[in-house]
Structure formats: structure tokens, C-alpha cells
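For reference, model17.txt (compact mmCIF, C-alpha atoms):
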# COMPACT_ATOMS: atom_id res chain seq x y z
CA MET A 1 49.47 -238.77 26.31
CA ALA A 2 45.81 -239.68 26.79
CA ASN A 3 44.97 -243.31 26.13
CA PRO A 4 43.41 -243.43 22.62
CA THR A 5 41.95 -246.90 23.21
CA ARG A 6 39.80 -245.79 26.16
CA GLU A 7 36.15 -246.54 25.36
CA GLY A 8 33.77 -243.65 25.02
CA SER A 9 30.45 -243.31 26.79
CA LEU A 10 27.42 -245.03 25.28
CA GLU A 11 25.02 -242.70 27.07
CA ALA A 12 23.35 -239.72 25.40
CA PRO A 13 25.55 -236.60 25.47
CA THR A 14 24.87 -234.15 28.29
CA ARG A 15 25.64 -230.47 27.79
CA HIS A 16 26.80 -228.60 30.87
CA PRO A 17 25.99 -224.89 31.32
CA VAL A 18 28.68 -222.39 30.34
CA ASP A 19 30.02 -220.80 33.54
CA TRP A 20 30.85 -217.55 31.76
CA LYS A 21 30.09 -215.22 34.68
CA ASN A 22 32.68 -216.91 36.89
CA PRO A 23 35.96 -214.88 36.93
CA GLU A 24 37.87 -218.18 36.66
CA PHE A 25 36.34 -218.61 33.20
CA TYR A 26 38.70 -215.85 31.99
CA ASN A 27 41.81 -217.11 33.83
CA GLU A 28 44.28 -217.65 30.98
CA ASP A 29 46.51 -220.08 32.90
CA ALA A 30 43.50 -222.24 33.76
CA LEU A 31 42.32 -221.99 30.15
CA PHE A 32 45.64 -223.24 28.77
CA ASN A 33 45.74 -226.10 31.25
CA GLU A 34 42.35 -227.22 29.97
CA LEU A 35 43.36 -226.66 26.33
CA GLU A 36 46.42 -228.85 26.87
CA ARG A 37 44.32 -231.59 28.48
CA VAL A 38 41.71 -231.59 25.73
CA PHE A 39 44.16 -231.22 22.85
CA ASP A 40 46.12 -234.19 24.21
CA ILE A 41 42.96 -236.32 24.17
CA CYS A 42 42.15 -235.14 20.64
CA HIS A 43 45.72 -235.95 19.54
CA GLY A 44 45.33 -239.51 20.84
CA CYS A 45 41.98 -239.99 19.14
CA ARG A 46 41.93 -237.99 15.86
CA ARG A 47 38.40 -239.02 14.91
CA CYS A 48 37.52 -235.40 14.02
CA PHE A 49 40.29 -234.90 11.45
CA ASN A 50 37.82 -234.40 8.57
CA LEU A 51 35.29 -232.03 10.15
CA CYS A 52 36.96 -228.62 9.92
CA GLN A 53 40.43 -227.07 9.89
CA SER A 54 40.83 -226.81 13.68
CA PHE A 55 41.82 -230.42 14.05
CA PRO A 56 44.19 -230.68 11.05
CA LYS A 57 45.92 -227.49 12.24
CA LEU A 58 46.38 -229.03 15.69
CA PHE A 59 47.50 -232.44 14.44
CA ASP A 60 49.89 -230.98 11.85
CA ALA A 61 51.48 -228.76 14.50
CA ILE A 62 51.99 -231.77 16.78
CA ASP A 63 53.33 -233.99 13.99
CA ASP A 64 55.77 -231.29 12.87
CA SER A 65 57.07 -230.70 16.40
CA GLU A 66 60.27 -232.20 17.83
CA THR A 67 58.45 -234.40 20.34
CA MET A 68 55.42 -235.19 18.16
CA GLU A 69 53.39 -234.77 21.34
CA ILE A 70 51.32 -231.97 22.84
CA ASP A 71 54.35 -230.62 24.73
CA GLY A 72 56.06 -229.87 21.42
CA ILE A 73 53.71 -227.13 20.22
CA THR A 74 53.50 -223.46 21.12
CA LYS A 75 50.74 -221.18 22.36
CA ALA A 76 50.55 -219.76 18.83
CA ASP A 77 49.59 -223.25 17.64
CA TYR A 78 46.92 -223.36 20.33
CA TRP A 79 45.44 -220.07 19.15
CA GLN A 80 45.49 -221.19 15.52
CA THR A 81 43.33 -224.16 16.48
CA VAL A 82 40.97 -221.84 18.36
CA ASP A 83 40.72 -219.37 15.47
CA HIS A 84 39.74 -222.10 13.01
CA CYS A 85 36.84 -223.30 15.17
CA TYR A 86 33.51 -221.73 14.19
CA LEU A 87 31.40 -223.54 16.80
CA CYS A 88 29.50 -225.77 14.37
CA ASP A 89 29.22 -228.37 17.20
CA MET A 90 29.67 -231.32 14.84
CA CYS A 91 32.62 -232.75 16.77
CA TYR A 92 30.53 -232.79 19.96
CA MET A 93 27.39 -234.12 18.31
CA THR A 94 28.68 -236.69 15.83
CA LYS A 95 32.27 -237.74 16.52
CA CYS A 96 33.62 -237.32 20.04
CA PRO A 97 33.29 -240.40 22.31
CA TYR A 98 34.45 -238.45 25.37
CA VAL A 99 31.65 -235.94 25.79
CA PRO A 100 29.81 -235.82 29.13
CA PRO A 101 28.73 -237.97 30.91
CA HIS A 102 32.10 -239.57 30.10
CA GLU A 103 34.55 -238.91 32.92
CA TRP A 104 36.88 -236.99 30.60
CA ASN A 105 34.09 -234.41 30.18
CA LEU A 106 35.23 -233.11 26.79
CA ASP A 107 33.25 -230.26 25.20
CA PHE A 108 35.53 -228.98 22.46
CA PRO A 109 33.20 -226.26 21.06
CA HIS A 110 32.54 -224.67 24.44
CA LEU A 111 36.23 -224.81 25.30
CA MET A 112 36.87 -222.93 22.06
CA LEU A 113 34.14 -220.46 23.09
CA ARG A 114 35.95 -219.92 26.39
CA ALA A 115 39.24 -219.32 24.56
CA LYS A 116 37.58 -216.85 22.18
CA ALA A 117 36.03 -215.05 25.16
CA VAL A 118 39.45 -214.76 26.82
CA LYS A 119 40.93 -213.42 23.60
CA PHE A 120 38.13 -210.90 23.22
CA LYS A 121 38.42 -209.74 26.82
CA LYS A 122 42.18 -209.20 26.32
CA GLY A 123 41.38 -206.85 23.40
CA GLU A 124 43.07 -209.07 20.81
CA THR A 125 40.07 -209.43 18.48
CA LYS A 126 40.43 -207.72 15.09
CA LEU A 127 38.35 -204.62 14.38
CA ARG A 128 37.24 -206.21 11.11
CA ASP A 129 35.74 -209.14 13.00
CA LYS A 130 33.91 -206.83 15.38
CA ILE A 131 32.43 -204.98 12.40
CA LEU A 132 31.45 -208.13 10.49
CA THR A 133 29.58 -209.49 13.52
CA SER A 134 27.72 -206.24 14.21
CA THR A 135 24.87 -207.34 11.97
CA ASP A 136 22.22 -204.95 13.30
CA THR A 137 24.47 -201.94 12.70
CA LEU A 138 25.54 -203.16 9.26
CA GLY A 139 21.92 -203.78 8.27
CA SER A 140 20.89 -200.28 9.35
CA LEU A 141 23.78 -198.43 7.73
CA LEU A 142 24.11 -200.46 4.54
CA GLY A 143 20.34 -200.63 4.13
CA ILE A 144 20.06 -196.89 3.52
CA PRO A 145 18.67 -196.65 -0.06
CA VAL A 146 21.60 -194.93 -1.78
CA VAL A 147 24.18 -196.72 0.34
CA ALA A 148 22.68 -200.16 -0.35
CA GLY A 149 22.94 -199.66 -4.09
CA LEU A 150 26.55 -198.50 -3.88
CA VAL A 151 27.60 -201.31 -1.54
CA ASN A 152 25.90 -204.01 -3.62
CA ALA A 153 27.59 -202.70 -6.77
CA ALA A 154 30.98 -202.46 -5.05
CA ASN A 155 30.68 -206.04 -3.81
CA LYS A 156 30.40 -207.20 -7.42
CA ASN A 157 33.35 -205.09 -8.65
CA LYS A 158 36.53 -207.20 -8.82
CA PRO A 159 39.10 -204.37 -8.61
CA LEU A 160 37.29 -202.87 -5.61
CA ARG A 161 37.02 -206.29 -3.99
CA LYS A 162 40.78 -206.82 -4.32
CA LEU A 163 41.38 -203.42 -2.76
CA ASN A 164 38.93 -204.30 -0.01
CA GLN A 165 40.85 -207.51 0.64
CA LYS A 166 44.07 -205.56 1.20
CA ILE A 167 42.46 -202.90 3.39
CA LEU A 168 39.81 -204.79 5.37
CA GLY A 169 40.89 -208.40 4.98
CA ILE A 170 37.66 -209.52 3.28
CA HIS A 171 38.54 -212.00 0.56
CA ALA A 172 37.95 -210.80 -3.00
CA ASP A 173 36.45 -214.13 -4.08
CA ALA A 174 34.06 -214.57 -1.16
CA LYS A 175 30.39 -214.28 -2.05
CA LEU A 176 28.91 -211.38 -0.08
CA PRO A 177 25.18 -210.87 0.52
CA ASP A 178 23.20 -207.98 -0.90
CA PHE A 179 21.65 -205.39 1.39
CA HIS A 180 18.05 -204.26 0.90
CA SER A 181 16.70 -200.85 1.80
CA ASN A 182 13.22 -202.32 1.30
CA ASN A 183 13.73 -204.93 3.99
CA LEU A 184 11.28 -207.54 5.24
CA LYS A 185 9.84 -205.38 8.01
CA LYS A 186 9.09 -202.57 5.54
CA ARG A 187 7.58 -204.97 3.01
CA ASP A 188 5.38 -206.55 5.66
CA LYS A 189 3.74 -203.35 6.89
CA LYS A 190 0.91 -203.47 4.34
CA ARG A 191 0.11 -207.15 4.87
CA ILE A 192 -3.02 -208.06 6.83
CA PRO A 193 -2.37 -211.20 8.93
CA LEU A 194 -4.78 -214.10 8.72
CA ALA A 195 -7.74 -213.83 11.06
CA ALA A 196 -8.89 -217.47 10.92
CA VAL A 197 -6.37 -219.74 12.62
CA ARG A 198 -6.26 -223.54 12.48
CA LYS A 199 -5.18 -224.47 16.00
CA GLY A 200 -3.76 -227.90 16.77
CA GLU A 201 -2.80 -229.84 19.88
CA LEU A 202 0.94 -229.45 19.18
CA THR A 203 0.89 -226.02 17.56
CA THR A 204 -1.09 -222.87 18.25
CA GLY A 205 -1.40 -221.89 14.58
CA LYS A 206 -0.20 -218.42 15.59
CA VAL A 207 3.44 -217.73 14.76
CA ALA A 208 5.66 -214.80 15.62
CA LEU A 209 8.42 -214.69 13.00
CA PHE A 210 11.86 -213.82 14.34
CA SER A 211 13.02 -212.55 10.96
CA THR A 212 16.75 -212.40 11.93
CA CYS A 213 19.25 -209.81 10.70
CA TYR A 214 19.96 -211.79 7.55
CA GLY A 215 16.31 -212.58 6.84
CA ASN A 216 15.32 -208.95 7.30
CA ASN A 217 18.17 -207.13 5.56
CA ASN A 218 19.86 -209.53 3.14
CA GLU A 219 17.27 -211.97 1.81
CA PRO A 220 13.81 -210.70 2.75
CA GLU A 221 12.39 -212.99 0.07
CA ILE A 222 12.91 -215.95 2.39
CA GLY A 223 10.65 -214.39 5.01
CA GLU A 224 8.05 -213.61 2.34
CA ASP A 225 8.16 -217.24 1.17
CA LEU A 226 7.71 -218.45 4.75
CA ILE A 227 4.71 -216.19 5.30
CA LYS A 228 3.05 -217.34 2.06
CA VAL A 229 3.57 -221.03 2.88
CA PHE A 230 2.41 -220.68 6.48
CA GLU A 231 -0.67 -218.63 5.60
CA HIS A 232 -1.54 -221.18 2.92
CA ASN A 233 -1.61 -223.74 5.74
CA GLY A 234 -3.88 -221.70 7.98
CA ILE A 235 -1.12 -220.33 10.20
CA MET A 236 -1.27 -216.69 11.25
CA VAL A 237 2.12 -214.96 11.03
CA ARG A 238 3.24 -211.69 12.54
CA LEU A 239 6.75 -210.29 12.70
CA VAL A 240 8.54 -209.78 16.01
CA GLU A 241 8.86 -206.02 16.47
CA LYS A 242 12.08 -204.39 17.64
CA GLU A 243 14.06 -207.62 17.61
CA GLN A 244 17.85 -207.49 17.74
CA CYS A 245 20.42 -209.92 16.39
CA CYS A 246 20.04 -213.31 18.07
CA GLY A 247 23.63 -213.00 19.29
CA MET A 248 25.17 -215.95 17.44
CA PRO A 249 27.74 -213.83 15.49
CA LYS A 250 28.95 -212.27 18.74
CA LEU A 251 28.97 -215.67 20.46
CA GLU A 252 31.27 -217.02 17.76
CA LEU A 253 33.51 -214.00 18.36
CA GLY A 254 33.63 -214.59 22.13
CA ASP A 255 31.93 -211.25 22.83
CA LEU A 256 29.65 -212.53 25.57
CA GLU A 257 28.71 -209.07 26.85
CA SER A 258 27.14 -208.27 23.47
CA VAL A 259 25.37 -211.62 23.57
CA ASP A 260 23.98 -210.61 26.94
CA LYS A 261 22.72 -207.27 25.59
CA ALA A 262 20.93 -209.00 22.73
CA LYS A 263 19.43 -211.50 25.15
CA GLN A 264 18.16 -208.73 27.44
CA ASN A 265 16.30 -207.21 24.48
CA ASN A 266 15.00 -210.31 22.71
CA ILE A 267 13.94 -212.69 25.47
CA PRO A 268 11.33 -210.37 27.11
CA LEU A 269 9.83 -209.62 23.67
CA LEU A 270 9.56 -213.28 22.73
CA ALA A 271 8.33 -214.37 26.18
CA LYS A 272 5.53 -211.79 25.98
CA LEU A 273 4.46 -213.10 22.56
CA ILE A 274 4.43 -216.67 23.90
CA ASP A 275 2.18 -215.52 26.75
CA GLN A 276 -0.14 -214.12 24.08
CA GLY A 277 -0.43 -217.56 22.48
CA PHE A 278 2.25 -217.37 19.78
CA ASP A 279 4.79 -219.99 18.79
CA ILE A 280 8.15 -218.59 17.61
CA VAL A 281 9.75 -219.47 14.28
CA GLY A 282 13.05 -218.32 12.77
CA PRO A 283 14.17 -218.96 9.17
CA ILE A 284 17.92 -219.22 9.89
CA PRO A 285 19.15 -222.39 11.69
CA SER A 286 21.90 -220.58 13.64
CA CYS A 287 19.41 -218.11 15.09
CA VAL A 288 16.98 -220.87 16.09
CA LEU A 289 19.86 -222.80 17.69
CA MET A 290 20.84 -219.71 19.67
CA PHE A 291 17.47 -219.74 21.45
CA LYS A 292 17.16 -223.52 21.62
CA GLN A 293 20.62 -224.32 22.95
CA GLU A 294 23.18 -221.58 23.48
CA LEU A 295 21.16 -219.10 25.52
CA PRO A 296 19.76 -221.86 27.78
CA LEU A 297 23.34 -223.01 28.43
CA LEU A 298 24.47 -219.44 29.16
CA TYR A 299 21.42 -218.74 31.38
CA PRO A 300 20.42 -222.12 32.84
CA ASP A 301 18.33 -220.62 35.64
CA ASP A 302 16.41 -218.04 33.60
CA ALA A 303 12.73 -219.05 33.38
CA GLU A 304 11.99 -216.78 30.42
CA VAL A 305 14.92 -218.23 28.45
CA LYS A 306 13.50 -221.69 29.07
CA LYS A 307 10.05 -220.52 27.99
CA VAL A 308 11.44 -219.25 24.69
CA GLN A 309 13.50 -222.42 24.25
CA ALA A 310 10.34 -224.53 24.48
CA ALA A 311 8.41 -222.39 21.98
CA MET A 312 11.14 -221.87 19.35
CA TYR A 313 10.86 -223.83 16.09
CA ASP A 314 12.62 -224.35 12.81
CA PRO A 315 10.09 -223.66 10.01
CA PHE A 316 10.06 -227.21 8.68
CA GLU A 317 9.96 -228.65 12.18
CA TYR A 318 6.80 -226.61 12.67
CA LEU A 319 5.31 -227.71 9.35
CA MET A 320 5.92 -231.37 10.17
CA LEU A 321 4.15 -230.91 13.50
CA ARG A 322 1.22 -229.51 11.52
CA HIS A 323 1.37 -232.53 9.24
CA LYS A 324 1.27 -234.80 12.29
CA GLU A 325 -1.92 -232.96 13.29
CA ASP A 326 -3.37 -233.41 9.76
CA LEU A 327 -3.24 -229.64 9.33
CA LEU A 328 -0.66 -229.46 6.53
CA LYS A 329 -1.95 -229.10 2.99
CA THR A 330 -0.40 -231.67 0.67
CA GLU A 331 -2.14 -230.68 -2.56
CA PHE A 332 0.90 -229.52 -4.52
CA LYS A 333 0.64 -228.00 -7.98
CA GLN A 334 4.21 -228.52 -9.11
CA SER A 335 6.79 -231.27 -8.61
CA LEU A 336 10.40 -230.24 -7.98
CA GLY A 337 12.29 -233.18 -9.48
CA LYS A 338 15.64 -233.90 -7.82
CA ILE A 339 16.93 -231.64 -5.03
CA ALA A 340 20.51 -231.72 -3.70
CA TYR A 341 20.01 -230.58 -0.11
CA GLN A 342 22.91 -229.55 2.15
CA VAL A 343 21.92 -230.04 5.79
CA ALA A 344 23.23 -227.07 7.77
CA CYS A 345 25.34 -227.97 10.83
CA HIS A 346 23.34 -225.72 13.17
CA LEU A 347 20.20 -227.52 12.01
CA ARG A 348 21.69 -230.97 12.63
CA VAL A 349 22.70 -229.90 16.16
CA GLN A 350 19.03 -229.24 17.01
CA ASN A 351 18.38 -233.01 16.98
CA ILE A 352 15.01 -232.69 15.28
CA GLY A 353 15.77 -234.97 12.34
CA LEU A 354 15.70 -234.00 8.67
CA LYS A 355 12.36 -232.20 8.77
CA THR A 356 13.10 -230.17 5.64
CA ARG A 357 13.65 -233.35 3.66
CA GLU A 358 10.49 -234.87 5.13
CA VAL A 359 8.33 -231.93 4.06
CA LEU A 360 9.83 -231.64 0.58
CA SER A 361 9.49 -235.40 0.11
CA LEU A 362 5.71 -235.02 0.45
CA ILE A 363 5.74 -233.30 -2.96
CA PRO A 364 4.93 -235.80 -5.73
CA ASP A 365 7.75 -236.74 -8.12
CA THR A 366 10.31 -235.04 -5.88
CA GLU A 367 13.50 -236.69 -4.66
CA VAL A 368 15.60 -235.07 -1.93
CA ASN A 369 19.28 -236.06 -1.76
CA ALA A 370 20.48 -234.99 1.71
CA ILE A 371 24.16 -234.02 2.06
CA GLU A 372 25.20 -234.10 5.72
CA ARG A 373 28.52 -232.29 5.32
CA CYS A 374 29.54 -228.84 6.56
CA SER A 375 29.62 -226.02 4.03
CA GLY A 376 32.44 -224.25 5.89
CA HIS A 377 30.77 -220.85 5.67
CA ASP A 378 30.04 -219.85 9.28
CA GLY A 379 28.92 -216.32 8.46
CA THR A 380 32.40 -214.78 8.65
CA TYR A 381 34.86 -217.69 8.25
CA ALA A 382 34.28 -217.88 4.50
CA VAL A 383 34.69 -214.16 3.89
CA LYS A 384 37.89 -213.51 5.85
CA ALA A 385 41.06 -213.33 3.76
CA GLU A 386 43.00 -215.68 6.02
CA THR A 387 40.36 -218.44 6.13
CA HIS A 388 38.53 -218.22 2.79
CA ALA A 389 40.76 -220.82 1.13
CA ASP A 390 40.13 -223.20 4.04
CA SER A 391 36.38 -222.64 3.75
CA MET A 392 36.54 -223.53 0.05
CA LYS A 393 38.39 -226.71 0.97
CA ILE A 394 35.71 -227.66 3.49
CA VAL A 395 32.85 -227.06 1.05
CA LYS A 396 34.44 -229.07 -1.77
CA PRO A 397 32.89 -232.44 -0.78
CA VAL A 398 29.45 -230.77 -0.76
CA VAL A 399 30.12 -229.21 -4.16
CA ASN A 400 31.18 -232.59 -5.53
CA ARG A 401 27.99 -234.22 -4.19
CA VAL A 402 25.86 -231.52 -5.81
CA LYS A 403 27.62 -232.07 -9.14
CA GLN A 404 27.21 -235.83 -8.90
CA ALA A 405 23.50 -235.50 -8.10
CA LYS A 406 22.78 -233.64 -11.36
CA ALA A 407 19.82 -232.20 -9.53
CA ASP A 408 17.17 -229.75 -10.71
CA HIS A 409 17.75 -227.65 -7.58
CA TYR A 410 20.36 -227.34 -4.84
CA SER A 411 19.45 -225.91 -1.49
CA SER A 412 20.29 -225.38 2.18
CA ASP A 413 18.28 -224.12 5.15
CA CYS A 414 21.22 -221.79 5.78
CA PRO A 415 21.14 -219.35 2.84
CA MET A 416 24.77 -218.37 3.38
CA ALA A 417 25.78 -222.03 3.15
CA GLY A 418 23.73 -222.36 -0.03
CA HIS A 419 25.48 -219.42 -1.62
CA HIS A 420 28.86 -220.76 -0.51
CA VAL A 421 28.09 -223.99 -2.35
CA GLU A 422 27.08 -221.83 -5.28
CA ASN A 423 30.44 -220.08 -5.09
CA GLY A 424 32.21 -223.44 -5.08
CA LEU A 425 30.29 -224.58 -8.15
CA GLY A 426 31.60 -221.59 -10.11
CA ALA A 427 30.67 -221.98 -13.78
CA ASP A 428 28.37 -224.89 -12.85
CA ALA A 429 26.30 -222.77 -10.44
CA GLY A 430 23.37 -222.57 -12.85
CA LYS A 431 20.48 -220.55 -11.47
CA GLY A 432 22.02 -220.59 -7.99
CA ALA A 433 21.04 -221.92 -4.59
CA GLU A 434 17.34 -221.82 -3.69
CA HIS A 435 16.10 -221.85 -0.11
CA PRO A 436 13.84 -224.81 0.83
CA LEU A 437 11.03 -222.37 1.72
CA THR A 438 11.31 -220.90 -1.78
CA LEU A 439 11.09 -224.39 -3.27
CA LEU A 440 8.08 -225.27 -1.12
CA ARG A 441 6.31 -222.10 -2.18
CA GLN A 442 6.97 -223.04 -5.82
CA ALA A 443 5.52 -226.50 -5.25
CA TYR A 444 2.35 -225.00 -3.77
CA GLY A 445 2.11 -222.66 -6.77
CA LEU A 446 1.86 -219.59 -4.53
Have the structure of the file written as C-alpha cells, please.
Amino acid sequence: MANPTREGSLEAPTRHPVDWKNPEFYNEDALFNELERVFDICHGCRRCFNLCQSFPKLFDAIDDSETMEIDGITKADYWQTVDHCYLCDMCYMTKCPYVPPHEWNLDFPHLMLRAKAVKFKKGETKLRDKILTSTDTLGSLLGIPVVAGLVNAANKNKPLRKLNQKILGIHADAKLPDFHSNNLKKRDKKRIPLAAVRKGELTTGKVALFSTCYGNNNEPEIGEDLIKVFEHNGIMVRLVEKEQCCGMPKLELGDLESVDKAKQNNIPLLAKLIDQGFDIVGPIPSCVLMFKQELPLLYPDDAEVKKVQAAMYDPFEYLMLRHKEDLLKTEFKQSLGKIAYQVACHLRVQNIGLKTREVLSLIPDTEVNAIERCSGHDGTYAVKAETHADSMKIVKPVVNRVKQAKADHYSSDCPMAGHHVENGLGADAGKGAEHPLTLLRQAYGL
């Protein structure tokens, strides 16, 4: 067993590129040798027991085995640990003392990615999961006017949801997003972008909005709120045309070929916009992280990927840069009172600090209570029949913090996380989760 008393590295974590094009990456024997090595270290440490269900599943399997060591569990136990990882990166970023440059070189999330990629390549991924992660296709098909209405109604019908759980494996109690035929791109066609731009030293004042699948098809209001807030602050906004899914859902599935296809479409579009003087902003933390971290690690030698990485911003990160340049308007017309704010994992991983809290705290008579705990949603984890109960267990501490705060609003930069908290609140959900951009627009009185 690995020595649990071995000191971790005190140096800043270093992320190594993912060698996914190497045939050895998909060698199952080599994969299981590495899984055994890493799981043995995790077993000796156990610092990550409270982050997600991957670690409890692993530790319970070991503790229930005859040897109570890593050699006592089966490959099925290995796969269960893999399946419960949704690549939030919190173990790597906040808990693990053995990440590179430590000699043990432990990157749990990217090892799980490798395992998921092997599973996908073997053809063992469920059809349901392939469908759920095909967000562009779902948005196009379910956004057809008549279809959208029928699907949205069906998703709120309990008997149909229970039938859907039996047939498709989508849990009847999971909160599912609406689909809009009048999506963000359609709504934006009549808008005339700002002509006068307030350029700064850190920001161009010209933003290309990567609306994302979710922001375009499921909650276009978030994109509208962003545009209103940015224009109010002298920032010109245009939508990225012909964008595809960022690739994060397929990454979490281990479908790296689909990630590559999305990259081949999106990166040239975004790089061209950057050459035209635009900064890039995305309203969903997972999508921003895809361009800031995951694609650069998958394509470490691609100059255009690096160009996009340097020009990609979270909305509140961008607004705080404007504030640093004295270009952010702070004349607010409405206070927001107390806000219970769940900090999305994929926002924390970006290492930019709590920029959303910083911006909202500029509003007079507004208190932001940050909750740095995972919501357990992960896009698909919370909706699958076999993992929904686990997702509700993970979100419970966040729900309890929201209840204790007795706040006027509760919010998350990840709208799906916000609605998952809302689901956990049940009868106490009130008016529901509100996105921070929506709250900021309210404060400006726009």
C-alpha cells in the first residue's frame, strides 16, 4: 500500500498534456495498472472522501473486501469509481497533495478521462448517454416550435416522466431544462450592436459571445441579460456565428473524437474573431473552462488553441477587468439584499477568484454568501436514473447552506447547478434560482 504519511508537494500544481492520440492511451492493461497505482494512493490518503461519490464507492469497496486493500476489489469496482467521476477537478485543485510536480504524479480527473475514453472506444457507453451529450442535435430537434412545446409539457408530466425513467433511464424527479424554439440567436437578429466602444488596456471592449448550447437553446434569457449588462457598460457584443458545442459533454463521456470535431469547427471561428479585435466571453463556466484548460491540454502545440485560451473570459472576470480599468458603471438603481451564491466547480478550477461575488458586492446594501461546495449536477449525472439519488446527496450541503442563509436570492454561475439546488429545496424553492447576470441586470434597473 502507498505510504499515507508521505508529504505532498508544496509547489503549485502543474497539469500535464493529455496524450490522447498515443495508441498506448487506450491500452486497457496499462490503464488498469495505472488505476491500481492511483487507487492505492487514494486508499492510503482518503482526503477526498467528501467531494463526490467516486471516492466513497472506491473506499467502501476496499473496506468491504476480504483483504481491505486494493488487491481485494474487482474490475467492476474500478469501473464504478470511474462512472461516478464527472471531471469536476476539485480533487486535483483543492485536496490532492500528490499532483505534479510531486513524484507520484497523480491526476485523478484525467485518469478517469482516460478510462472513460477506453470504455467509449470499446463501445460500452450507453446510447442514452450518447444522446444526452449530443447537445447540438437535441437543441435543433427539440427546438422545433411544435416539438419544443410538447417536450416541455412532457417533462413536467409525472406519469410520462416515470415512463421515461423506465424506458430511457432519465430519472423522473430530475429537473430538466426547457427548450426554446425562439432561441438566443433568433432573438438577437434584430438587435443593433453598439457602435461606440469603450476600449481599455486590459480589454478591447468588443466581445464575441460564445452563447453555448445551453445558453442558446435552454435559457436564452441569460444571454440577453449578459448583452444588456455589457452594453450598459460600453461593451459591444456580437454572437459567434455557426458555433458548435464546446465539447465538454463529450469530454465527460470519453468521446474524444467528437471533442476533436467540435474543436475543428470552433477554434478557427474564435481565432478569426480574436484577430478582428474581439475578446471571447461564454456564460457557462464549463464551456469557458473547455477553452481555457481542457482543449489546451488536449492540443498543447496548437497555436490557435492557445490564442483562444488567452482571449477567453468568464463574464464576471471580464467585468472585474473593466472595473480595474475604471470602465465599469457602479451606479446601481436597486439593492439585492442577501444572496446565497453557489460557486460552480468549473468556475473554481479557472483560478480567477470569486469574480462574481466581487461584482455583486459592488451593489449597495447587497451581501453575497459564497458556498464553495459542488452541486453534484454535472449536466447528465443528476438526470440519470442510476446516479440521481447520489447527485441529491451531494447537493444537500449546498441546499442546507441556502436554507440557513435565509437569503433574498440564491444563484449559481452554472444555471443547471442553480436549478439542481432549486430541486433540492423542494417546497422551499420560492421563486427559484436566478443567474448572477440576471441579478446584476436587476440591480442596474435594465
Pairwise distance, atom CA of Pro220 of chain A with atom CA of Ala427 of chain A, equals 26.2 Å
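In this structure, atom CA of Thr133 of chain A sits 12.0 Å away from atom CA of Lys384 of chain A.
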Using all atoms listed in the file, the shortest atom-to-atom distance to Glu257 of chain A among A:Pro283, A:Lys156, A:Val38, A:Lys21 belongs to A:Lys21
Of A:Ala407, A:Ile73, A:Leu251, A:Ile352, the one sitting nearest Asp60 of chain A when using only C-alpha atoms is A:Ile73
* Asked: How far is it from atom CA of Phe108 of chain A to atom CA of Tyr92 of chain A, in Å with one decimal?
  ->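 Atom CA of Phe108 of chain A sits 6.8 Å away from atom CA of Tyr92 of chain A.
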Please determine, counting only C-alpha atoms, which residue among A:Ala12, A:Leu440, A:Cys213, A:Ala174 has the shortest atom-to-atom distance to Gly426 of chain A.
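For Gly426 of chain A, the nearest of the given residues is A:Ala174.
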**Q.** Selection: 6 Å around segment 237-247 of chain A, only C-alpha atoms, excl. self and same-chain fewer than 6 positions, as a list in words
**A.** Val207, Ala208, Leu209, Phe210, Cys213, Val259, Ala262, Asn266 and Cys287 of chain A
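Point (13.9, -220.3, 15.0) has the following residues at most 9 Å away: Leu209, Phe210, Ser211, Thr212, Ile280, Val281, Gly282, Pro283, Ile284, Pro285, Ser286, Cys287, Val288, Leu289, Met290, Phe291, Lys292, Met312, Tyr313, Asp314 and Pro315 of chain A (atoms considered: only C-alpha atoms).
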Inset, instruction - Determine the nearest neighbour of Val421 of chain A from the options A:Leu336, A:Ile227, A:Leu362, A:Ile371, counting all atoms listed in the file. - result: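 So, comparing all the options, the nearest one is A:Ile371.
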